[in-house]
Structure formats: structure tokens, C-alpha cells
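A.B. asks: Handing over work.csv, CSV, C-alpha atoms.
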```csv
chain,number,residue,atom,x,y,z
B,1,HIS,CA,25.5,62.3,-88.1
B,2,LEU,CA,26.3,61.8,-84.4
B,3,LEU,CA,29.4,64.0,-84.5
B,4,GLN,CA,27.5,66.7,-86.5
B,5,GLU,CA,24.7,66.8,-83.9
B,6,GLY,CA,27.2,66.8,-81.1
B,7,LYS,CA,29.0,69.8,-82.7
B,8,LYS,CA,25.7,71.7,-83.0
B,9,MET,CA,24.9,71.1,-79.3
B,10,PHE,CA,28.3,72.0,-78.0
B,11,GLY,CA,28.5,75.0,-80.4
B,12,SER,CA,25.5,76.5,-78.6
B,13,ILE,CA,27.2,76.3,-75.2
B,14,GLU,CA,29.4,79.1,-73.9
B,15,LYS,CA,33.1,78.3,-73.3
B,16,LEU,CA,32.5,78.7,-69.6
B,17,TYR,CA,29.1,78.1,-68.1
B,18,ASP,CA,27.3,77.3,-64.8
B,19,VAL,CA,26.0,73.9,-63.8
B,20,PRO,CA,23.5,74.1,-61.0
B,21,ILE,CA,23.3,71.4,-58.4
B,22,PRO,CA,20.4,69.0,-59.4
B,23,SER,CA,17.3,69.0,-57.3
B,24,GLY,CA,15.1,66.0,-56.6
B,25,THR,CA,15.8,62.5,-55.4
B,26,MET,CA,17.9,59.9,-57.3
B,27,SER,CA,16.6,56.5,-58.1
B,28,SER,CA,18.5,53.5,-56.7
B,29,GLU,CA,20.1,52.7,-60.1
B,30,ASP,CA,21.4,56.3,-60.6
B,31,SER,CA,22.7,56.7,-57.1
B,32,ASP,CA,25.7,55.3,-55.1
B,33,ASP,CA,23.7,55.9,-51.9
B,34,SER,CA,26.0,58.7,-50.8
B,35,GLY,CA,23.8,61.7,-51.7
B,36,THR,CA,26.0,62.5,-54.7
B,37,LYS,CA,24.6,65.1,-57.1
B,38,VAL,CA,27.7,65.8,-59.2
B,39,THR,CA,30.7,63.6,-60.1
B,40,ILE,CA,33.8,65.1,-61.6
B,41,VAL,CA,35.9,62.6,-63.6
B,42,GLY,CA,39.5,63.4,-64.5
B,43,ASP,CA,41.6,62.2,-67.4
B,44,THR,CA,40.5,58.8,-68.8
B,45,HIS,CA,42.7,58.8,-71.9
B,46,GLY,CA,40.8,56.4,-74.1
B,47,GLN,CA,40.3,53.8,-71.3
B,48,PHE,CA,36.7,52.8,-72.0
B,49,ASP,CA,36.8,50.2,-69.2
B,50,ILE,CA,37.5,53.0,-66.7
B,51,LEU,CA,34.5,55.0,-67.9
B,52,LEU,CA,32.2,52.0,-67.6
B,53,HIS,CA,33.6,51.0,-64.2
B,54,ILE,CA,32.9,54.5,-62.8
B,55,PHE,CA,29.3,54.4,-64.1
B,56,GLN,CA,28.8,50.9,-62.7
B,57,VAL,CA,30.1,51.6,-59.2
B,58,ASN,CA,29.1,55.2,-58.8
B,59,GLY,CA,25.7,55.4,-60.6
B,60,TRP,CA,24.7,56.2,-64.1
B,61,PRO,CA,24.2,59.7,-65.4
B,62,SER,CA,20.8,61.1,-64.8
B,63,PRO,CA,19.1,64.6,-64.3
B,64,GLN,CA,19.6,64.0,-60.5
B,65,HIS,CA,23.2,62.8,-60.8
B,66,ILE,CA,25.3,64.6,-63.4
B,67,TYR,CA,28.8,63.9,-64.6
B,68,ILE,CA,31.5,66.3,-65.6
B,69,PHE,CA,34.4,64.7,-67.7
B,70,ASN,CA,37.2,67.2,-67.2
B,71,GLY,CA,39.2,66.8,-70.5
B,72,ASP,CA,41.6,64.2,-71.9
B,73,PHE,CA,39.0,61.6,-72.4
B,74,MET,CA,40.7,60.8,-75.7
B,75,ASP,CA,44.2,59.7,-76.7
B,76,LYS,CA,46.8,57.3,-75.3
B,77,GLY,CA,44.5,54.4,-74.7
B,78,LYS,CA,43.0,52.1,-77.3
B,79,ASN,CA,39.4,53.2,-77.1
B,80,SER,CA,39.2,56.9,-77.7
B,81,THR,CA,36.4,56.4,-80.2
B,82,GLU,CA,34.3,54.5,-77.6
B,83,ASN,CA,34.8,57.2,-75.0
B,84,LEU,CA,33.9,60.0,-77.4
B,85,VAL,CA,30.8,58.3,-78.8
B,86,THR,CA,29.5,57.3,-75.3
B,87,LEU,CA,29.8,60.9,-74.0
B,88,ILE,CA,28.2,62.4,-77.1
B,89,VAL,CA,25.3,59.9,-77.0
B,90,PHE,CA,24.6,60.6,-73.3
B,91,LYS,CA,24.8,64.3,-74.0
B,92,LEU,CA,22.3,64.2,-76.9
B,93,TYR,CA,20.0,61.9,-75.0
B,94,CYS,CA,20.1,63.9,-71.7
B,95,PRO,CA,21.9,67.2,-72.1
B,96,GLU,CA,21.8,68.0,-68.4
B,97,CYS,CA,23.3,64.6,-67.4
B,98,ILE,CA,26.7,64.9,-69.0
B,99,HIS,CA,29.1,67.8,-69.3
B,100,ILE,CA,32.7,67.8,-70.8
B,101,THR,CA,35.6,70.2,-70.9
B,102,ARG,CA,38.4,70.3,-73.4
B,103,GLY,CA,41.8,69.0,-72.5
B,104,ASN,CA,45.2,69.3,-74.1
B,105,HIS,CA,44.6,65.9,-75.8
B,106,GLU,CA,41.5,67.2,-77.5
B,107,ILE,CA,43.7,69.2,-79.9
B,108,LYS,CA,44.7,68.3,-83.4
B,109,SER,CA,48.5,68.0,-82.7
B,110,ASN,CA,48.0,65.4,-80.1
B,111,LEU,CA,45.2,63.5,-81.8
B,112,ASP,CA,47.2,63.2,-85.0
B,113,MET,CA,49.8,61.1,-83.1
B,114,LYS,CA,47.5,58.1,-82.2
B,115,VAL,CA,43.8,58.8,-82.5
B,116,LYS,CA,43.9,59.6,-86.2
B,117,GLY,CA,45.3,56.1,-86.9
B,118,GLU,CA,42.6,54.5,-84.7
B,119,VAL,CA,39.8,56.4,-86.5
B,120,THR,CA,41.0,56.1,-90.0
B,121,GLU,CA,41.7,52.3,-89.6
B,122,ARG,CA,38.2,51.7,-88.4
B,123,TYR,CA,36.4,54.4,-90.5
B,124,ASP,CA,38.0,57.0,-92.8
B,125,ASP,CA,39.6,60.4,-93.0
B,126,GLU,CA,36.2,62.1,-93.2
B,127,ILE,CA,35.2,60.8,-89.8
B,128,TYR,CA,38.4,62.0,-88.3
B,129,GLU,CA,37.8,65.5,-89.8
B,130,TYR,CA,34.4,65.5,-88.1
B,131,ILE,CA,36.1,64.7,-84.8
B,132,LEU,CA,38.5,67.6,-85.2
B,133,ASP,CA,35.5,69.9,-85.9
B,134,PHE,CA,33.7,68.6,-82.9
B,135,ILE,CA,36.5,69.0,-80.4
B,136,GLN,CA,36.9,72.7,-81.2
B,137,GLU,CA,33.4,73.4,-79.9
B,138,ILE,CA,34.0,71.8,-76.5
B,139,PRO,CA,33.7,74.2,-73.5
B,140,VAL,CA,36.9,74.8,-71.5
B,141,ALA,CA,35.5,75.6,-68.0
B,142,ILE,CA,32.5,74.9,-65.8
B,143,ILE,CA,31.3,76.4,-62.5
B,144,ILE,CA,29.4,74.1,-60.1
B,145,GLY,CA,26.9,75.7,-57.8
B,146,GLU,CA,28.6,79.1,-58.2
B,147,LYS,CA,31.5,77.9,-56.0
B,148,ILE,CA,33.6,75.2,-57.6
B,149,PHE,CA,35.6,76.0,-60.8
B,150,VAL,CA,36.4,73.1,-63.1
B,151,MET,CA,38.8,73.2,-66.0
B,152,HIS,CA,41.4,70.8,-67.4
B,153,ALA,CA,44.7,72.4,-66.4
B,154,GLY,CA,45.2,75.8,-64.9
B,155,ILE,CA,45.2,79.6,-65.2
B,156,ASN,CA,47.7,82.1,-66.4
B,157,SER,CA,46.8,85.2,-64.4
B,158,PRO,CA,45.5,86.3,-61.0
B,159,ASP,CA,43.3,88.8,-62.8
B,160,LEU,CA,41.5,86.3,-65.0
B,161,MET,CA,37.7,86.8,-65.0
B,162,TYR,CA,34.8,84.7,-66.2
B,163,GLU,CA,34.2,86.9,-69.2
B,164,ASP,CA,37.8,86.3,-70.4
B,165,ILE,CA,37.0,82.6,-70.8
B,166,LYS,CA,33.6,83.1,-72.2
B,167,ASN,CA,35.1,85.2,-75.0
B,168,ILE,CA,37.3,82.4,-76.3
B,169,THR,CA,36.4,81.9,-79.9
B,170,SER,CA,35.0,78.6,-81.2
B,171,GLN,CA,36.4,76.6,-84.0
B,172,ILE,CA,40.1,77.2,-83.2
B,173,GLU,CA,43.1,75.2,-82.2
B,174,PRO,CA,45.0,76.7,-79.2
B,175,ILE,CA,47.8,79.1,-80.2
B,176,GLU,CA,50.9,79.1,-78.0
B,177,GLY,CA,50.7,81.8,-75.4
B,178,SER,CA,46.9,82.2,-75.8
B,179,LEU,CA,44.4,81.9,-72.9
B,180,LEU,CA,43.0,78.7,-74.4
B,181,ASP,CA,46.5,77.2,-74.6
B,182,ASP,CA,47.2,78.1,-71.0
B,183,LEU,CA,43.9,76.7,-69.7
B,184,LEU,CA,44.7,73.4,-71.4
B,185,TRP,CA,48.4,73.2,-70.2
B,186,ALA,CA,49.1,75.1,-67.0
B,187,ASP,CA,50.0,73.4,-63.7
B,188,PRO,CA,50.0,74.6,-60.1
B,189,GLY,CA,53.5,75.5,-58.8
B,190,ASP,CA,54.9,75.8,-55.3
B,191,GLU,CA,56.2,79.4,-55.7
B,192,ASP,CA,54.1,82.6,-55.9
B,193,GLY,CA,53.6,84.2,-59.2
B,194,ILE,CA,53.6,82.9,-62.7
B,195,GLU,CA,56.5,80.9,-64.0
B,196,ASP,CA,57.3,79.6,-67.5
B,197,ASP,CA,57.6,75.8,-67.8
B,198,PRO,CA,59.1,75.2,-71.2
B,199,THR,CA,57.7,71.6,-71.4
B,200,ARG,CA,54.2,72.2,-69.8
B,201,GLY,CA,53.2,75.8,-70.2
B,202,TRP,CA,52.8,78.0,-67.1
B,203,LEU,CA,53.1,77.2,-63.4
B,204,PHE,CA,50.7,79.3,-61.4
B,205,GLY,CA,51.5,79.9,-57.7
B,206,PRO,CA,49.4,79.9,-54.5
B,207,ASP,CA,48.9,83.6,-54.7
B,208,VAL,CA,47.6,83.4,-58.2
B,209,SER,CA,45.0,80.8,-57.2
B,210,LYS,CA,44.0,82.8,-54.1
B,211,SER,CA,43.4,86.0,-56.1
B,212,PHE,CA,41.5,84.2,-58.9
B,213,LEU,CA,39.2,82.4,-56.6
B,214,GLU,CA,38.5,85.5,-54.4
B,215,ARG,CA,37.9,87.8,-57.4
B,216,ASN,CA,35.3,85.4,-58.8
B,217,GLY,CA,33.7,84.4,-55.5
B,218,LEU,CA,34.9,80.7,-55.7
B,219,ASP,CA,36.0,78.3,-53.1
B,220,LEU,CA,37.7,75.5,-55.0
B,221,MET,CA,39.5,74.8,-58.3
B,222,VAL,CA,39.2,71.3,-59.7
B,223,ARG,CA,41.6,70.2,-62.5
B,224,GLY,CA,43.2,67.2,-64.0
B,225,HIS,CA,46.0,67.1,-66.6
B,226,GLU,CA,48.8,65.6,-64.3
B,227,THR,CA,49.5,62.0,-63.4
B,228,VAL,CA,49.4,62.0,-59.6
B,229,VAL,CA,50.0,59.2,-57.1
B,230,GLY,CA,46.8,57.8,-55.7
B,231,GLY,CA,44.8,59.6,-58.4
B,232,ASN,CA,44.5,63.0,-56.6
B,233,ARG,CA,46.5,65.7,-55.0
B,234,MET,CA,45.7,68.9,-53.1
B,235,ASP,CA,47.7,72.1,-53.7
B,236,HIS,CA,47.7,75.7,-52.7
B,237,ASN,CA,46.4,75.4,-49.1
B,238,GLY,CA,43.5,73.3,-50.0
B,239,THR,CA,42.2,75.4,-52.9
B,240,VAL,CA,43.4,73.5,-56.0
B,241,LEU,CA,42.5,69.8,-56.4
B,242,THR,CA,43.9,67.6,-59.1
B,243,ILE,CA,41.8,64.6,-60.0
B,244,TRP,CA,43.3,61.9,-62.2
B,245,SER,CA,41.1,59.0,-63.5
B,246,ALA,CA,43.5,57.0,-65.7
B,247,PRO,CA,45.2,54.4,-63.5
B,248,HIS,CA,46.8,52.4,-66.3
B,249,LYS,CA,50.3,53.8,-66.9
B,250,GLU,CA,53.3,52.2,-68.6
B,251,GLY,CA,52.2,48.7,-67.7
B,252,GLU,CA,51.7,49.6,-64.1
B,253,PHE,CA,48.2,49.6,-62.5
B,254,GLY,CA,48.0,52.5,-60.1
B,255,LYS,CA,45.0,54.2,-58.6
B,256,GLY,CA,42.6,56.6,-60.1
B,257,SER,CA,40.1,58.9,-58.5
B,258,TYR,CA,36.9,60.8,-59.1
B,259,LEU,CA,35.2,63.5,-57.0
B,260,ASN,CA,31.6,63.3,-55.7
B,261,ILE,CA,29.8,66.4,-54.7
B,262,ASP,CA,26.5,66.5,-52.7
B,263,ALA,CA,23.7,69.1,-52.6
B,264,ASN,CA,25.6,71.2,-50.0
B,265,LEU,CA,28.7,71.3,-52.1
B,266,ASP,CA,30.5,69.0,-49.7
B,267,TRP,CA,32.8,66.8,-51.6
B,268,LYS,CA,34.5,63.4,-51.3
B,269,ILE,CA,37.3,61.8,-53.3
B,270,GLN,CA,36.7,58.3,-54.4
B,271,GLN,CA,39.7,56.1,-55.3
B,272,PHE,CA,39.6,53.0,-57.5
B,273,ASN,CA,42.1,50.5,-58.8
B,274,ILE,CA,41.2,48.0,-61.5
B,275,HIS,CA,43.2,46.0,-64.0
B,276,PRO,CA,42.7,46.7,-67.7
B,277,ALA,CA,39.8,44.9,-69.3
B,278,VAL,CA,39.2,46.7,-72.6
B,279,SER,CA,42.0,49.3,-72.9
B,280,GLU,CA,45.6,49.6,-71.9
B,281,ILE,CA,47.9,52.6,-72.3
B,282,GLU,CA,50.5,52.0,-74.9
B,283,ASP,CA,52.3,55.3,-75.2
B,284,TRP,CA,52.8,57.8,-72.3
B,285,SER,CA,55.6,59.7,-73.9
B,286,ILE,CA,53.5,62.9,-73.9
B,287,ILE,CA,51.3,63.6,-70.9
```
Can you present the structure in this file as C-alpha cells?

C.D. replies:
Amino acid sequence: HLLQEGKKMFGSIEKLYDVPIPSGTMSSEDSDDSGTKVTIVGDTHGQFDILLHIFQVNGWPSPQHIYIFNGDFMDKGKNSTENLVTLIVFKLYCPECIHITRGNHEIKSNLDMKVKGEVTERYDDEIYEYILDFIQEIPVAIIIGEKIFVMHAGINSPDLMYEDIKNITSQIEPIEGSLLDDLLWADPGDEDGIEDDPTRGWLFGPDVSKSFLERNGLDLMVRGHETVVGGNRMDHNGTVLTIWSAPHKEGEFGKGSYLNIDANLDWKIQQFNIHPAVSEIEDWSII
């Protein structure tokens, strides 16, 4: 029932949509006392302890403090189901409090490798099929306050416009070379233009980011998708920011980050470093 209701809710949302900055004052239990209005969380990869840690130290989701989970909240870790269920429950209880985008690990080919076994061992094949139906409805991009563009990976053209993303069809798996596939896999590159990366999709250059942002009236692109030292990395002259929130990797405990944004769209990166309590990455062979 939970997955079916979640599918209905996300099925009613465009593949790209606007999230306005919340108005009003946060209560003490919802706030981290920094004036945060929006928090963007990067890849958490089935690490349920990370999700709870962020809520505990940064404030719980509320209408005055919203969260965006920017894809790859499933797979790799041991607790993909817990991550998924928690986000759906929050979304159903308070639709404006939680937003999620689809990542390259919210696709069947990746979920079949690990998550399928996790789900069928606990539940059954039918529940797994419901999960596959649900992930196909997840939006792929969000705009915050008309100026900050959020999607999991990257773009495939300097001419990309909002309407192109909004027109992505629901209930599909990404096809190689499609816009959906590129949005879930592309990475920023150092050279201008678009380059083909056989293992990761497209590399988009600084000129591509600049053109896309200017054409759409945007200031910043926030993405995840890549493991980065310290949990964050800035590219393309300060216009493309990668946020990585899964610090457990191959037995090493690095740093993760999340991004806090205030009412003026000023933002601050928050780093964290915790040891595994509930989940631990077992397989990082495919990022």
C-alpha cells in the first residue's frame, strides 16, 4: 500500500518542478539554528544511519525546513529498504517537506544486483516489482527558488531547456543515449564541449554548464553521482557543485557533505564524518 500511494503521489509530479523557499519561522526541533530553509543531501546509498544522522544534527523535515535527496538513496548499503520507506512516509505525511530525484541506482539494472536480493529475502518478488514501478515515477530535476538547479548527474547539451526535461515520459527505464540516461550518468569534465566517457556516459565542459545556466536564468547546478574527497567538489568556475553524502566506502570512513540553503539562497556546505552504525557499504564495484 505504501509503495502504491507513493507511486500515485510522485506520478502526479512533473519530471522537473520548482521548489519555492519556505516562508515562516522554524521551530527549535526543526532547525539547526543557521537559518536553513532547504537542505540538499547527496548519494546516501542505502546507509540508513547516515540519513538519521543528518536529520538529528541538521533538523527534521518540516514545511519550514525542506529536504531534497538528490538520487542514489538506494543500493550498495545494507538498508536501501529503510531509506526508501522513510522517504516515502515523510513525503506522504508532509508532501512539501521532502523531495527526491532519481539517480542512476534507482534503475532496474542496478537494483537487480543487490537490492532485489535484500527485498525478496525480507518480503517477496511482488514487493520488489512495486519498488520498480515506484522508481519510474521519481522526478529527475528540481529548481530551488528559480536559481539553483538540482539533478543527480549532469546534462548532455548546452541547449537543454526546462521543457525538454519536463517532457520525459513516466514509467520507463533509461535507454542508452536518451536524455533521461544522460541526466542520471553525466559528469562535469575539464574541457569545453561534450565528450563521450564509455564507462560513465557524457562529460560536459565548462562552456556547456555556462550556456545551460544562462539560457535558463540559473546561478548554480547541484549534483551528486561521484565519490569526491571531503564529500564535495566545485567545478566549472564555481557553477557546478557536487555533493556526496555516503562516507562509508570500501571499509574506509571518509567524509560526507550536505548543502544548507537559507532564505536569501546563500548556501553553506556542511561536512560530517561518522562510523557505521546500521549500514556499511559492501560492494563499490559500480558507482

A.B. asks: Could you pull the residues within 12 Å of B:Arg223, counting only C-alpha atoms, minus those fewer than 2 positions along the same chain, as a PyMOL selection string?

C.D. replies: chain B and resi 40-43+68-72+101-103+140-142+148-155+183-188+220-221+225-228+231-235+239-245+258-259

A.B. asks: Taking 2 positions as the minimum chain separation for residues in the same chain, which residues sit within 6 Å of B:Cys97 when counting all atoms listed in the file? Answer as JSON, numbers by chain.

C.D. replies: {"B": [61, 62, 63, 66, 94, 95]}

A.B. asks: Neighbouring residues of B:Asp75 were defined as those with any atom within 7 Å, considering only C-alpha atoms; residues of the same chain fewer than 6 positions away were excluded. Please report them as a list in words.

C.D. replies: His45, Gly46, His105, Leu111, Lys114 and Val115 of chain B

A.B. asks: How would the residues just picked look written out with C-alpha atoms as a tab-separated table (two decimals), in the coordinates of the input?

C.D. replies:
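result.tsv, written as the output of this step:
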```tsv
chain	number	residue	atom	x	y	z
B	45	HIS	CA	42.70	58.80	-71.90
B	46	GLY	CA	40.80	56.40	-74.10
B	105	HIS	CA	44.60	65.90	-75.80
B	111	LEU	CA	45.20	63.50	-81.80
B	114	LYS	CA	47.50	58.10	-82.20
B	115	VAL	CA	43.80	58.80	-82.50
```

A.B. asks: I need the residue nearest B:Tyr130 from this list: B:Lys108, B:Asp197, B:Ser178, B:Val57. Use all atoms listed in the file for the distance.

C.D. replies: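 For B:Tyr130, the nearest of the given residues is B:Lys108.
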
A.B. asks: Which residues come within 12 Å of B:Gly117, counting all atoms listed in the file, excluding same-chain residues fewer than 2 positions away, as a list in words?

C.D. replies: Asp75, Lys76, Lys78, Asn79, Ser80, Thr81, Asn110, Leu111, Asp112, Met113, Lys114, Val115, Val119, Thr120, Glu121, Arg122, Tyr123, Asp124, Asp125, Ile127 and Tyr128 of chain B

A.B. asks: So that I can check the surroundings of B:Glu173, please list as a PyMOL selection string every protein, DNA and RNA residue that reaches within 10 Å of it, counting only C-alpha atoms and ignoring chain neighbours fewer than 3 positions away.

C.D. replies: chain B and resi 106-109+132-133+135-136+169-170+176+180-181

A.B. asks: Find the distance between atom CA of B:Pro139 and atom CA of B:Trp202 and write it in Å to one decimal.

C.D. replies: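 If I compute the distance from atom CA of B:Pro139 to atom CA of B:Trp202, I get 20.5 Å.
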
A.B. asks: Could you check which residues have any atom within 6 Å of (45.7, 57.3, -58.9), counting all atoms listed in the file with coordinates taken straight from the file, and then list them as a list in words?

C.D. replies: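 Counting all atoms listed in the file, I find these residues within 6 Å of (45.7, 57.3, -58.9): Val229, Gly230, Gly231, Pro247, Gly254, Lys255, Gly256 and Ser257 of chain B.
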
A.B. asks: Taking all atoms listed in the file into account, name the residue in B:Asp49, B:Glu129, B:Asp190, B:Asp164 that is nearest to B:His248.

C.D. replies: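 Looking only at the distances to B:His248, the closest residue turns out to be B:Asp49.
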
A.B. asks: Looking at all atoms listed in the file, which of B:Lys15, B:Asp182, B:Phe272, B:Ile98 is the one that sits closest to B:Leu203?

C.D. replies: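 Comparing B:Lys15, B:Asp182, B:Phe272, B:Ile98 against B:Leu203, the winner is B:Asp182.
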
A.B. asks: Work out how far apart atom CA of B:Glu96 and atom CA of B:Asn264 are and give it in Å to one decimal.

C.D. replies: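 Taking atom CA of B:Glu96 and atom CA of B:Asn264, their separation equals 19.1 Å.
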
A.B. asks: With distances taken over only C-alpha atoms, which of B:Asn273, B:Trp267, B:Leu92, B:Asn167 is nearest to B:Ile50?

C.D. replies: B:Asn273

A.B. asks: Please indicate the distance in Å from atom CA of B:Glu82 to atom CA of B:Gly35, rounded to one decimal place.

C.D. replies: 28.9 Å
